[in-house]
Each structure stands twice: as structure tokens, then as C-alpha cells.
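Novice: Below is run-v8.pdb; it holds PDB, C-alpha atoms.
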```pdb
ATOM      1  CA  MET A   3      -9.223 -23.515  38.991
ATOM      2  CA  LEU A   4      -7.665 -23.665  35.535
ATOM      3  CA  ASP A   5      -3.923 -24.294  35.743
ATOM      4  CA  ALA A   6      -1.766 -23.017  32.890
ATOM      5  CA  GLY A   7       1.530 -24.015  34.489
ATOM      6  CA  ALA A   8       2.189 -26.725  31.910
ATOM      7  CA  PHE A   9       2.068 -24.157  29.099
ATOM      8  CA  LEU A  10       4.679 -21.987  30.803
ATOM      9  CA  ARG A  11       6.922 -24.962  31.542
ATOM     10  CA  GLN A  12       6.718 -25.961  27.897
ATOM     11  CA  ASP A  13       7.684 -22.458  26.793
ATOM     12  CA  VAL A  14      10.572 -22.099  29.242
ATOM     13  CA  GLY A  15      11.995 -25.560  28.656
ATOM     14  CA  ARG A  16      15.502 -25.692  30.175
ATOM     15  CA  GLY A  17      15.509 -21.944  30.816
ATOM     16  CA  ASP A  18      14.762 -18.507  29.358
ATOM     17  CA  ILE A  19      18.228 -18.033  27.879
ATOM     18  CA  THR A  20      17.752 -14.507  26.527
ATOM     19  CA  THR A  21      16.216 -13.093  29.703
ATOM     20  CA  GLU A  22      18.828 -14.647  31.976
ATOM     21  CA  LEU A  23      21.629 -13.061  29.900
ATOM     22  CA  THR A  24      20.137  -9.603  29.292
ATOM     23  CA  VAL A  25      17.777  -8.668  32.123
ATOM     24  CA  PRO A  26      19.205  -7.457  35.483
ATOM     25  CA  ASP A  27      18.256  -9.470  38.559
ATOM     26  CA  VAL A  28      16.134  -6.654  39.993
ATOM     27  CA  ASP A  29      12.505  -5.921  40.747
ATOM     28  CA  GLY A  30      10.388  -3.658  38.579
ATOM     29  CA  THR A  31       6.900  -2.856  37.381
ATOM     30  CA  ALA A  32       4.985  -3.370  34.170
ATOM     31  CA  TYR A  33       1.476  -3.048  32.776
ATOM     32  CA  VAL A  34      -0.709  -4.923  30.310
ATOM     33  CA  THR A  35      -2.839  -3.046  27.783
ATOM     34  CA  CYS A  36      -5.778  -4.388  25.798
ATOM     35  CA  GLU A  37      -5.368  -3.045  22.279
ATOM     36  CA  GLN A  38      -8.950  -3.643  21.082
ATOM     37  CA  ASP A  39     -12.533  -3.318  22.269
ATOM     38  CA  ALA A  40     -13.147  -6.662  23.954
ATOM     39  CA  VAL A  41     -14.703  -8.806  26.649
ATOM     40  CA  ILE A  42     -11.918  -9.771  29.026
ATOM     41  CA  ALA A  43     -11.344 -13.469  29.624
ATOM     42  CA  GLY A  44      -8.362 -15.329  31.034
ATOM     43  CA  MET A  45      -7.463 -12.654  33.559
ATOM     44  CA  SER A  46      -7.690 -15.031  36.501
ATOM     45  CA  VAL A  47      -5.661 -17.662  34.634
ATOM     46  CA  ALA A  48      -2.966 -15.188  33.603
ATOM     47  CA  THR A  49      -2.617 -13.678  37.075
ATOM     48  CA  ASN A  50      -2.402 -17.098  38.714
ATOM     49  CA  LEU A  51       0.253 -18.081  36.190
ATOM     50  CA  LEU A  52       2.346 -14.972  36.826
ATOM     51  CA  GLY A  53       1.811 -15.270  40.567
ATOM     52  CA  SER A  54       3.273 -18.778  40.492
ATOM     53  CA  ILE A  55       6.631 -17.318  39.381
ATOM     54  CA  GLY A  56       6.709 -14.530  41.958
ATOM     55  CA  VAL A  57       4.977 -11.704  40.088
ATOM     56  CA  SER A  58       2.456  -9.605  42.019
ATOM     57  CA  CYS A  59      -0.609  -8.832  39.910
ATOM     58  CA  LYS A  60      -3.215  -6.087  40.287
ATOM     59  CA  PRO A  61      -6.058  -6.640  37.809
ATOM     60  CA  HIS A  62      -8.030  -3.511  36.923
ATOM     61  CA  TYR A  63     -10.735  -5.570  35.223
ATOM     62  CA  THR A  64     -12.124  -9.025  35.832
ATOM     63  CA  ASP A  65     -13.262 -11.778  33.493
ATOM     64  CA  GLY A  66     -16.471 -10.876  31.694
ATOM     65  CA  GLN A  67     -16.011  -7.113  31.809
ATOM     66  CA  ARG A  68     -15.900  -5.074  28.611
ATOM     67  CA  VAL A  69     -13.004  -2.734  27.870
ATOM     68  CA  GLU A  70     -12.197  -0.263  25.132
ATOM     69  CA  ALA A  71      -9.073  -0.307  22.999
ATOM     70  CA  GLY A  72      -6.058   1.138  24.774
ATOM     71  CA  THR A  73      -7.220   0.261  28.291
ATOM     72  CA  ARG A  74      -4.634  -0.777  30.891
ATOM     73  CA  VAL A  75      -6.099  -3.935  32.354
ATOM     74  CA  LEU A  76      -3.356  -5.284  34.622
ATOM     75  CA  SER A  77      -0.441  -3.914  36.651
ATOM     76  CA  LEU A  78       2.531  -6.108  37.559
ATOM     77  CA  SER A  79       5.374  -5.865  40.014
ATOM     78  CA  GLY A  80       8.174  -8.176  41.051
ATOM     79  CA  PRO A  81      11.307  -9.716  39.536
ATOM     80  CA  LEU A  82      11.793  -8.340  36.031
ATOM     81  CA  ARG A  83      13.100 -11.664  34.834
ATOM     82  CA  SER A  84       9.909 -13.408  35.930
ATOM     83  CA  ILE A  85       7.703 -10.744  34.352
ATOM     84  CA  ILE A  86       9.460 -11.087  31.009
ATOM     85  CA  THR A  87       9.682 -14.884  31.120
ATOM     86  CA  GLY A  88       5.954 -15.211  31.809
ATOM     87  CA  GLU A  89       4.919 -12.450  29.412
ATOM     88  CA  ARG A  90       4.237 -14.447  26.268
ATOM     89  CA  THR A  91       2.329 -17.311  27.865
ATOM     90  CA  ALA A  92       0.187 -14.970  29.965
ATOM     91  CA  LEU A  93      -0.614 -12.742  26.999
ATOM     92  CA  ASP A  94      -1.355 -15.703  24.732
ATOM     93  CA  ILE A  95      -3.921 -16.934  27.246
ATOM     94  CA  LEU A  96      -5.533 -13.503  27.501
ATOM     95  CA  MET A  97      -5.544 -13.113  23.721
ATOM     96  CA  ARG A  98      -7.117 -16.464  22.959
ATOM     97  CA  MET A  99      -9.669 -16.524  25.757
ATOM     98  CA  SER A 100     -10.714 -12.898  25.277
ATOM     99  CA  GLY A 101     -11.182 -13.510  21.552
ATOM    100  CA  ILE A 102     -13.565 -16.382  22.279
ATOM    101  CA  ALA A 103     -15.421 -14.482  25.004
ATOM    102  CA  THR A 104     -15.811 -11.445  22.763
ATOM    103  CA  LEU A 105     -17.192 -13.487  19.852
ATOM    104  CA  THR A 106     -19.493 -15.424  22.179
ATOM    105  CA  ALA A 107     -20.838 -12.218  23.701
ATOM    106  CA  ARG A 108     -21.655 -10.941  20.210
ATOM    107  CA  ALA A 109     -23.509 -14.163  19.431
ATOM    108  CA  VAL A 110     -25.475 -14.031  22.683
ATOM    109  CA  GLU A 111     -26.449 -10.425  21.985
ATOM    110  CA  LYS A 112     -27.601 -11.452  18.515
ATOM    111  CA  ALA A 113     -29.756 -14.209  20.016
ATOM    112  CA  ASP A 114     -31.329 -11.646  22.367
ATOM    113  CA  GLY A 115     -32.639 -14.324  24.720
ATOM    114  CA  GLY A 116     -34.543 -16.159  22.012
ATOM    115  CA  ILE A 117     -32.257 -19.177  21.843
ATOM    116  CA  VAL A 118     -29.372 -20.644  23.864
ATOM    117  CA  VAL A 119     -25.960 -20.133  22.240
ATOM    118  CA  ALA A 120     -23.643 -23.088  22.867
ATOM    119  CA  ALA A 121     -20.140 -24.130  21.905
ATOM    120  CA  THR A 122     -19.039 -27.500  20.520
ATOM    121  CA  ARG A 123     -16.045 -29.802  21.032
ATOM    122  CA  LYS A 124     -14.231 -28.168  18.114
ATOM    123  CA  THR A 125     -11.562 -26.953  20.483
ATOM    124  CA  THR A 126      -7.774 -26.956  20.617
ATOM    125  CA  PRO A 127      -6.454 -30.232  22.104
ATOM    126  CA  GLY A 128      -4.909 -29.437  25.476
ATOM    127  CA  PHE A 129      -6.535 -26.009  25.659
ATOM    128  CA  GLY A 130     -10.192 -26.960  25.318
ATOM    129  CA  GLU A 131     -11.005 -26.450  28.995
ATOM    130  CA  PHE A 132      -9.779 -22.859  28.783
ATOM    131  CA  GLU A 133     -11.723 -22.258  25.564
ATOM    132  CA  LYS A 134     -14.941 -23.610  27.098
ATOM    133  CA  GLU A 135     -14.419 -21.349  30.120
ATOM    134  CA  ALA A 136     -14.062 -18.388  27.752
ATOM    135  CA  VAL A 137     -17.416 -19.292  26.185
ATOM    136  CA  ARG A 138     -18.979 -19.307  29.650
ATOM    137  CA  ILE A 139     -17.412 -15.918  30.413
ATOM    138  CA  GLY A 140     -18.989 -14.603  27.203
ATOM    139  CA  ARG A 141     -22.362 -15.856  28.581
ATOM    140  CA  GLY A 142     -22.619 -18.785  26.200
ATOM    141  CA  ASP A 143     -23.163 -22.422  27.148
ATOM    142  CA  PRO A 144     -19.957 -24.498  27.012
ATOM    143  CA  HIS A 145     -21.867 -27.703  26.060
ATOM    144  CA  ARG A 146     -20.292 -31.054  26.964
ATOM    145  CA  SER A 147     -16.688 -30.979  28.110
ATOM    146  CA  GLY A 148     -15.632 -34.391  26.837
ATOM    147  CA  LEU A 149     -16.723 -37.791  25.632
ATOM    148  CA  ASP A 150     -17.678 -38.836  29.148
ATOM    149  CA  SER A 151     -20.012 -35.894  29.776
ATOM    150  CA  MET A 152     -23.080 -37.356  28.083
ATOM    151  CA  ILE A 153     -24.137 -39.755  25.356
ATOM    152  CA  MET A 154     -24.069 -38.038  21.974
ATOM    153  CA  VAL A 155     -24.997 -40.391  19.161
ATOM    154  CA  LYS A 156     -23.612 -38.893  15.960
ATOM    155  CA  ASP A 157     -23.836 -39.910  12.315
ATOM    156  CA  ASN A 158     -20.884 -42.319  12.407
ATOM    157  CA  HIS A 159     -22.238 -44.066  15.503
ATOM    158  CA  ILE A 160     -25.555 -44.489  13.697
ATOM    159  CA  ARG A 161     -23.907 -45.827  10.534
ATOM    160  CA  ALA A 162     -21.729 -48.197  12.529
ATOM    161  CA  CYS A 163     -24.630 -49.815  14.385
ATOM    162  CA  GLY A 164     -27.221 -49.780  11.611
ATOM    163  CA  GLY A 165     -29.622 -46.925  12.306
ATOM    164  CA  VAL A 166     -31.159 -44.562  14.845
ATOM    165  CA  ALA A 167     -33.473 -47.177  16.350
ATOM    166  CA  GLU A 168     -30.632 -49.633  16.936
ATOM    167  CA  ALA A 169     -28.435 -46.897  18.410
ATOM    168  CA  MET A 170     -31.193 -45.908  20.815
ATOM    169  CA  ARG A 171     -31.753 -49.531  21.779
ATOM    170  CA  ARG A 172     -28.078 -49.876  22.647
ATOM    171  CA  VAL A 173     -27.815 -46.723  24.733
ATOM    172  CA  ARG A 174     -30.658 -47.881  26.973
ATOM    173  CA  SER A 175     -28.061 -49.800  28.976
ATOM    174  CA  ALA A 176     -26.488 -46.532  30.160
ATOM    175  CA  PRO A 177     -27.220 -45.236  33.694
ATOM    176  CA  PHE A 178     -30.496 -43.331  33.941
ATOM    177  CA  TYR A 179     -28.857 -40.051  34.965
ATOM    178  CA  ILE A 180     -26.811 -39.681  31.765
ATOM    179  CA  LYS A 181     -28.445 -37.511  29.124
ATOM    180  CA  VAL A 182     -28.775 -38.816  25.588
ATOM    181  CA  GLU A 183     -28.458 -36.593  22.517
ATOM    182  CA  VAL A 184     -28.983 -37.927  18.995
ATOM    183  CA  GLU A 185     -27.910 -36.316  15.739
ATOM    184  CA  VAL A 186     -30.500 -36.487  12.964
ATOM    185  CA  SER A 187     -31.069 -35.053   9.517
ATOM    186  CA  THR A 188     -34.685 -36.120   8.917
ATOM    187  CA  VAL A 189     -38.001 -35.684  10.702
ATOM    188  CA  GLU A 190     -38.462 -39.467  10.730
ATOM    189  CA  ASP A 191     -35.216 -40.134  12.577
ATOM    190  CA  ALA A 192     -35.973 -37.304  15.001
ATOM    191  CA  VAL A 193     -39.342 -38.821  15.880
ATOM    192  CA  THR A 194     -37.809 -42.278  16.303
ATOM    193  CA  ALA A 195     -35.161 -40.939  18.693
ATOM    194  CA  ALA A 196     -37.734 -38.915  20.606
ATOM    195  CA  GLU A 197     -40.105 -41.848  20.989
ATOM    196  CA  MET A 198     -37.245 -44.029  22.229
ATOM    197  CA  GLY A 199     -36.220 -41.660  25.003
ATOM    198  CA  ALA A 200     -33.702 -39.129  23.686
ATOM    199  CA  ASP A 201     -33.290 -36.031  25.839
ATOM    200  CA  ILE A 202     -31.921 -33.806  23.087
ATOM    201  CA  ILE A 203     -32.310 -33.992  19.306
ATOM    202  CA  MET A 204     -29.584 -32.361  17.224
ATOM    203  CA  ALA A 205     -30.707 -31.178  13.795
ATOM    204  CA  ASP A 206     -27.384 -31.264  11.979
ATOM    205  CA  ASN A 207     -26.885 -29.147   8.846
ATOM    206  CA  CYS A 208     -30.637 -29.013   8.362
ATOM    207  CA  GLY A 209     -31.154 -25.284   7.862
ATOM    208  CA  PRO A 210     -33.810 -23.236   9.671
ATOM    209  CA  ALA A 211     -36.862 -24.587   7.799
ATOM    210  CA  LEU A 212     -36.181 -28.297   8.308
ATOM    211  CA  THR A 213     -34.974 -27.654  11.850
ATOM    212  CA  GLY A 214     -38.332 -26.046  12.584
ATOM    213  CA  GLU A 215     -40.152 -29.095  11.197
ATOM    214  CA  ILE A 216     -38.008 -31.368  13.354
ATOM    215  CA  ARG A 217     -38.715 -29.242  16.408
ATOM    216  CA  ASP A 218     -42.479 -29.344  15.843
ATOM    217  CA  ALA A 219     -42.431 -33.135  15.384
ATOM    218  CA  VAL A 220     -40.259 -33.701  18.453
ATOM    219  CA  LYS A 221     -42.310 -31.417  20.688
ATOM    220  CA  ALA A 222     -45.438 -33.311  19.598
ATOM    221  CA  VAL A 223     -43.853 -36.450  21.063
ATOM    222  CA  ASN A 224     -42.563 -34.792  24.238
ATOM    223  CA  ASP A 225     -42.363 -31.026  24.654
ATOM    224  CA  ARG A 226     -39.582 -31.374  27.249
ATOM    225  CA  ILE A 227     -37.144 -32.746  24.675
ATOM    226  CA  LEU A 228     -34.701 -30.069  23.572
ATOM    227  CA  VAL A 229     -33.876 -29.455  19.922
ATOM    228  CA  GLU A 230     -30.395 -28.259  19.025
ATOM    229  CA  ALA A 231     -29.466 -26.728  15.679
ATOM    230  CA  SER A 232     -25.879 -27.287  14.570
ATOM    231  CA  GLY A 233     -23.654 -27.352  11.524
ATOM    232  CA  GLY A 234     -21.777 -24.391  10.080
ATOM    233  CA  ILE A 235     -23.936 -21.810  11.859
ATOM    234  CA  THR A 236     -22.540 -18.281  12.057
ATOM    235  CA  ILE A 237     -23.539 -15.215  14.055
ATOM    236  CA  ASP A 238     -25.465 -13.919  11.046
ATOM    237  CA  ASP A 239     -27.563 -17.116  11.027
ATOM    238  CA  ILE A 240     -28.642 -17.082  14.665
ATOM    239  CA  THR A 241     -31.862 -15.122  14.384
ATOM    240  CA  ALA A 242     -33.118 -17.476  11.650
ATOM    241  CA  TYR A 243     -33.154 -20.305  14.221
ATOM    242  CA  VAL A 244     -35.065 -18.435  16.921
ATOM    243  CA  GLY A 245     -38.359 -20.280  17.334
ATOM    244  CA  LYS A 246     -37.007 -23.205  15.296
ATOM    245  CA  ALA A 247     -34.747 -24.703  17.979
ATOM    246  CA  ASP A 248     -34.023 -24.396  21.688
ATOM    247  CA  ILE A 249     -30.244 -24.327  21.287
ATOM    248  CA  VAL A 250     -27.880 -23.277  18.526
ATOM    249  CA  SER A 251     -24.383 -24.759  18.804
ATOM    250  CA  MET A 252     -21.542 -23.061  16.983
ATOM    251  CA  GLY A 253     -18.093 -24.519  16.446
ATOM    252  CA  ALA A 254     -17.045 -21.081  15.236
ATOM    253  CA  LEU A 255     -17.076 -19.766  18.807
ATOM    254  CA  THR A 256     -13.872 -21.686  19.480
ATOM    255  CA  HIS A 257     -12.333 -22.650  16.142
ATOM    256  CA  SER A 258     -12.740 -19.291  14.393
ATOM    257  CA  ALA A 259     -12.524 -16.671  17.140
ATOM    258  CA  VAL A 260      -9.920 -14.003  16.339
ATOM    259  CA  ALA A 261      -7.463 -13.311  19.156
ATOM    260  CA  VAL A 262      -7.711  -9.987  20.968
ATOM    261  CA  MET A 263      -4.368  -8.206  21.044
ATOM    262  CA  PHE A 264      -2.711  -7.387  24.374
ATOM    263  CA  SER A 265       0.702  -5.866  25.046
ATOM    264  CA  LEU A 266       2.983  -5.853  28.093
ATOM    265  CA  ASP A 267       5.334  -2.950  28.722
ATOM    266  CA  ILE A 268       8.023  -2.655  31.370
ATOM    267  CA  ASP A 269       7.549   0.521  33.349
ATOM    268  CA  ARG A 270      10.861   0.750  35.205
ATOM    269  CA  PRO A 271      13.354  -1.343  37.160
ATOM    270  CA  ARG A 272      13.079  -0.427  40.835
ATOM    271  CA  CYS A 273      16.821  -0.061  41.327
ATOM    272  CA  GLY A 274      17.027   2.494  38.544
ATOM    273  CA  LEU A 275      19.100   0.321  36.204
ATOM    274  CA  MET A 276      18.303   0.765  32.550
ATOM    275  CA  PHE A 277      18.858  -1.939  29.932
TER
END
```
Could I get this structure in the form of C-alpha cells?
Specialist:
Amino acid sequence: MLDAGAFLRQDVGRGDITTELTVPDVDGTAYVTCEQDAVIAGMSVATNLLGSIGVSCKPHYTDGQRVEAGTRVLSLSGPLRSIITGERTALDILMRMSGIATLTARAVEKADGGIVVAATRKTTPGFGEFEKEAVRIGRGDPHRSGLDSMIMVKDNHIRACGGVAEAMRRVRSAPFYIKVEVEVSTVEDAVTAAEMGADIIMADNCGPALTGEIRDAVKAVNDRILVEASGGITIDDITAYVGKADIVSMGALTHSAVAVMFSLDIDRPRCGLMF
């Protein structure tokens, strides 16, 4: 389970000074509204976060569901101070994760089953796990989670060791169960990597035409090798890669997703006090 407690502790620091001075020590209720059409993501994280500080949460929607602008998605009850202290962190998580899930869902719909839509490691340090989960909620593939997930031989690795063939020779010492992906920009390098045992060939910044040539050459070596298209690909580009690659990876899913706006409004303090 994703734990966002560190983000709240960072926000609170030595204490929520304003809330402690202005908000009565009473229970109350509140609700969260999604202000835009969106795919909800981060609901489970936000409710766990608020629950950890004594707020009771009743989600009206779960991660992965679509909502229209103006929909109340979550009801809260408990100490008003806790609701207000946790408000910003909880909403920030919902905003960021729902933005990524919404963009990913649009990309997957554009692909229409013709190609796998995947994320990249172009994520926010410290928040990448949450961003990858949002991609999954949007029905995309999160791709590798970190440097230890698989072997991915990129251009700088290849330059540093002297070429694709030498890089492939060196990675042969890795355990058999670890997948090997190699970034290429030519048909020749793709064939070399395929012949030397790569599991996945990444056609980086190659465009649809060259990517298709790379795919044909790789499949001629071994049709079980996957070909991934990557490099500045947008939603509008996806259909051009259908039939040219097995996977299209898009950094934009995480680094360029626009946050979905949510708001939290206090309904009433239970003791009737107004402030």
C-alpha cells in the first residue's frame, strides 16, 4: 500500500500553526468535489492519509472510475483540525494522480488496443511510485519502477563501453531471469542486439517509419522480441505507431500531465460553533 505519511509530516513540520489558533477543537463534516471531468486516482492514498490522523472517510468513487465536473467524490467526518490540516496534502495527491490517470486513459483509448501504452522513469523524485500507480489506474503500463527492475542499456551505456555488441556481451553475466532492453537508433544495432539475446528493443526517437523497419528486422530474428517506440511521443502520435511497434512509451504521461482540480469544503462543525 502506498504510504503518503511522509508528505503530510513534511507539510505539517512542527505544527499547523494557523489551524491550531483558529479552528475550534470540535468534530465536523466536509466533502471533496472534483471540479473537472476526470478519471479518479489517489482516492485510496488520500483516504488512508486522512484516516491516519483520525478523519473518517466515505469515498463515493474508487480509483479508476470516471466522474464529471462538479461531482462530490468523498465525504469526511471527524476532528475539524485534522480535516483542515490534512486537506492540502490529500488534495495534492488526488490532483496529481488523477491528472496522470486521466491523461493515460486518453492515450489508451487512442491506442484502441493496437499497441501497449507505457510510462517511463521521467517521474518526480520521491513521488514516482504514486505516479506509476496512477498510470496503472489509467490502464497504462507503468514500465520499470527503478534501476534494479531490469537491464536497460541506453545510449550513454553504449557510448561508455564502446558499442551495442560490447554492451550485450557484458550484460550476459546478469542472472537469466532479468530482462534486457537495448536502446537503438539504427536497424543494424537493433539486429545486433536481437541476435545477442535482447528481450526488448527500444527504437528511440526513430519516428514511425524507421521504427517499423526496426520491428520487421527484429521480428525476423526472433518474433518474440518486443519492440518499444519512445522519444517525445504524444497522444496525437500514438496511432502512427500501431503496427510499427509493440509498445509505445511516453514520458508525457507523468512529466506533462495537468493536475485535475479538487476542492474541500467544510460542511458544519458538529457542536454548532461557527468560525
Novice: I would like the residues chosen by the PyMOL selection byres ((chain A and resi 34) around 8) on the shown file; could you give them as a PyMOL selection string?
Specialist: chain A and resi 32-33+35-36+74-77+264-267
Novice: For each of A:Glu215, A:Asp143, A:Glu183, A:Asp29, take the minimum atom-to-atom distance to Ile249 in chain A, counting all atoms listed in the file, then give the residue where this is smallest.
Specialist: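 Smallest separation from Ile249 in chain A among the options: A:Asp143.
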Novice: Give me, please, the distance in Å between CA of Lys112 in chain A and CA of Ala192 in chain A, quoted to one decimal.
Specialist: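 Straight-line distance from CA of Lys112 in chain A to CA of Ala192 in chain A works out to 27.4 Å.
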Novice: Between A:Asp94, A:Asp5, A:Asp65, A:Asp238, which residue has the minimum interatomic distance to Ala261 in chain A, considering only C-alpha atoms?
Specialist: A:Asp94
Novice: Could you tell me, as a PyMOL selection string, exactly which residues end up selected when the PyMOL selection byres ((chain A and resi 84) around 12) is applied to this structure?
Specialist: chain A and resi 10+14+17-18+21-22+25-32+51-58+78-83+85-92+268
Novice: I'd like the neighbourhood of Arg146 in chain A as a ChimeraX atom specification, where a residue qualifies if any of its atoms comes within 10 Å (using only C-alpha atoms), though same-chain residues fewer than 3 positions away should be ignored.
Specialist: /A:120-123,134,143,149-154
Novice: Expressed in Å to a single decimal, how great is the separation between CA of Leu4 in chain A and CA of Val119 in chain A?
Specialist: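 Pair CA of Leu4 in chain A / CA of Val119 in chain A returns 22.9 Å.
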Novice: Where does the PyMOL selection byres ((chain A and resi 227) around 9) land in this file, that is, which residues does it pick, as an mmCIF file with C-alpha atoms, keeping the file's coordinate frame?
Specialist:
```cif
data_model
loop_
_atom_site.group_PDB
_atom_site.id
_atom_site.type_symbol
_atom_site.label_atom_id
_atom_site.label_comp_id
_atom_site.auth_asym_id
_atom_site.auth_seq_id
_atom_site.Cartn_x
_atom_site.Cartn_y
_atom_site.Cartn_z
ATOM 1 C CA ALA A 196 -37.734 -38.915 20.606
ATOM 2 C CA GLY A 199 -36.220 -41.660 25.003
ATOM 3 C CA ALA A 200 -33.702 -39.129 23.686
ATOM 4 C CA ASP A 201 -33.290 -36.031 25.839
ATOM 5 C CA ILE A 202 -31.921 -33.806 23.087
ATOM 6 C CA ILE A 203 -32.310 -33.992 19.306
ATOM 7 C CA VAL A 220 -40.259 -33.701 18.453
ATOM 8 C CA LYS A 221 -42.310 -31.417 20.688
ATOM 9 C CA VAL A 223 -43.853 -36.450 21.063
ATOM 10 C CA ASN A 224 -42.563 -34.792 24.238
ATOM 11 C CA ASP A 225 -42.363 -31.026 24.654
ATOM 12 C CA ARG A 226 -39.582 -31.374 27.249
ATOM 13 C CA LEU A 228 -34.701 -30.069 23.572
ATOM 14 C CA VAL A 229 -33.876 -29.455 19.922
#
```
Novice: How would you write as a short mmCIF file (atom, residue, chain, number, x, y, z; two decimals) with C-alpha atoms, in the frame of the given file the residues that get within 12 Å of (-32.9, -47.3, 12.2) in the file's frame, counting only C-alpha atoms?
Specialist:
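So the final result, stored in selection16.cif, reads:
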```cif
data_model
loop_
_atom_site.label_atom_id
_atom_site.label_comp_id
_atom_site.auth_asym_id
_atom_site.auth_seq_id
_atom_site.Cartn_x
_atom_site.Cartn_y
_atom_site.Cartn_z
CA ASP A 157 -23.84 -39.91 12.32
CA HIS A 159 -22.24 -44.07 15.50
CA ILE A 160 -25.56 -44.49 13.70
CA ARG A 161 -23.91 -45.83 10.53
CA ALA A 162 -21.73 -48.20 12.53
CA CYS A 163 -24.63 -49.82 14.38
CA GLY A 164 -27.22 -49.78 11.61
CA GLY A 165 -29.62 -46.92 12.31
CA VAL A 166 -31.16 -44.56 14.84
CA ALA A 167 -33.47 -47.18 16.35
CA GLU A 168 -30.63 -49.63 16.94
CA ALA A 169 -28.44 -46.90 18.41
CA MET A 170 -31.19 -45.91 20.82
CA ARG A 171 -31.75 -49.53 21.78
CA ARG A 172 -28.08 -49.88 22.65
CA VAL A 186 -30.50 -36.49 12.96
CA THR A 188 -34.68 -36.12 8.92
CA GLU A 190 -38.46 -39.47 10.73
CA ASP A 191 -35.22 -40.13 12.58
CA ALA A 192 -35.97 -37.30 15.00
CA VAL A 193 -39.34 -38.82 15.88
CA THR A 194 -37.81 -42.28 16.30
CA ALA A 195 -35.16 -40.94 18.69
CA MET A 198 -37.24 -44.03 22.23
#
```
Novice: Would you mind listing what lies within 7 Å of Ala43 in chain A as a list of chain:residue names, with only C-alpha atoms counted and same-chain residues fewer than 2 positions away left out?
Specialist: A:Val41, A:Met45, A:Asp65, A:Gly66, A:Leu96, A:Met99, A:Ser100, A:Ala103, A:Ala136, A:Ile139
Novice: Tell me which protein, DNA and RNA residues are within 12 Å of Ala242 in chain A, counting all atoms listed in the file, leaving out same-chain ones fewer than 2 positions away, and put them as a VMD selection string.
Specialist: chain A and resid 112 to 113 116 to 117 209 to 214 231 235 to 240 244 to 247 250
Novice: Around the point (-17.7, -27.6, 13.7), in the coordinates given by the file, pick out the residues reaching within 10 Å, counting all atoms listed in the file, and return them as a PDB file with C-alpha atoms, in the frame of the given file.
Specialist:
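Result written to result.pdb:
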```pdb
ATOM      1  CA  ALA A 121     -20.140 -24.130  21.905  1.00  0.00           C
ATOM      2  CA  THR A 122     -19.039 -27.500  20.520  1.00  0.00           C
ATOM      3  CA  ARG A 123     -16.045 -29.802  21.032  1.00  0.00           C
ATOM      4  CA  LYS A 124     -14.231 -28.168  18.114  1.00  0.00           C
ATOM      5  CA  THR A 125     -11.562 -26.953  20.483  1.00  0.00           C
ATOM      6  CA  SER A 232     -25.879 -27.287  14.570  1.00  0.00           C
ATOM      7  CA  GLY A 233     -23.654 -27.352  11.524  1.00  0.00           C
ATOM      8  CA  GLY A 234     -21.777 -24.391  10.080  1.00  0.00           C
ATOM      9  CA  ILE A 235     -23.936 -21.810  11.859  1.00  0.00           C
ATOM     10  CA  SER A 251     -24.383 -24.759  18.804  1.00  0.00           C
ATOM     11  CA  MET A 252     -21.542 -23.061  16.983  1.00  0.00           C
ATOM     12  CA  GLY A 253     -18.093 -24.519  16.446  1.00  0.00           C
ATOM     13  CA  ALA A 254     -17.045 -21.081  15.236  1.00  0.00           C
ATOM     14  CA  LEU A 255     -17.076 -19.766  18.807  1.00  0.00           C
ATOM     15  CA  THR A 256     -13.872 -21.686  19.480  1.00  0.00           C
ATOM     16  CA  HIS A 257     -12.333 -22.650  16.142  1.00  0.00           C
ATOM     17  CA  SER A 258     -12.740 -19.291  14.393  1.00  0.00           C
TER      18      SER A 258
END
```
Novice: Save range 67-81 of chain A from what I just supplied, as a short mmCIF file (atom, residue, chain, number, x, y, z; two decimals), in the first residue's frame, atoms limited to C-alpha atoms.
Specialist:
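Result saved to part.cif:
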```cif
data_model
loop_
_atom_site.label_atom_id
_atom_site.label_comp_id
_atom_site.auth_asym_id
_atom_site.auth_seq_id
_atom_site.Cartn_x
_atom_site.Cartn_y
_atom_site.Cartn_z
CA GLN A 67 -13.81 5.44 -12.10
CA ARG A 68 -14.75 8.39 -14.30
CA VAL A 69 -16.55 11.41 -12.87
CA GLU A 70 -18.00 14.59 -14.31
CA ALA A 71 -17.09 18.09 -13.23
CA GLY A 72 -18.81 19.13 -10.01
CA THR A 73 -19.14 15.61 -8.60
CA ARG A 74 -18.78 15.09 -4.84
CA VAL A 75 -16.33 12.22 -4.60
CA LEU A 76 -15.57 11.95 -0.88
CA SER A 77 -17.30 12.72 2.42
CA LEU A 78 -15.30 13.33 5.60
CA SER A 79 -16.10 13.43 9.28
CA GLY A 80 -14.04 13.82 12.42
CA PRO A 81 -11.90 16.47 14.12
#
```
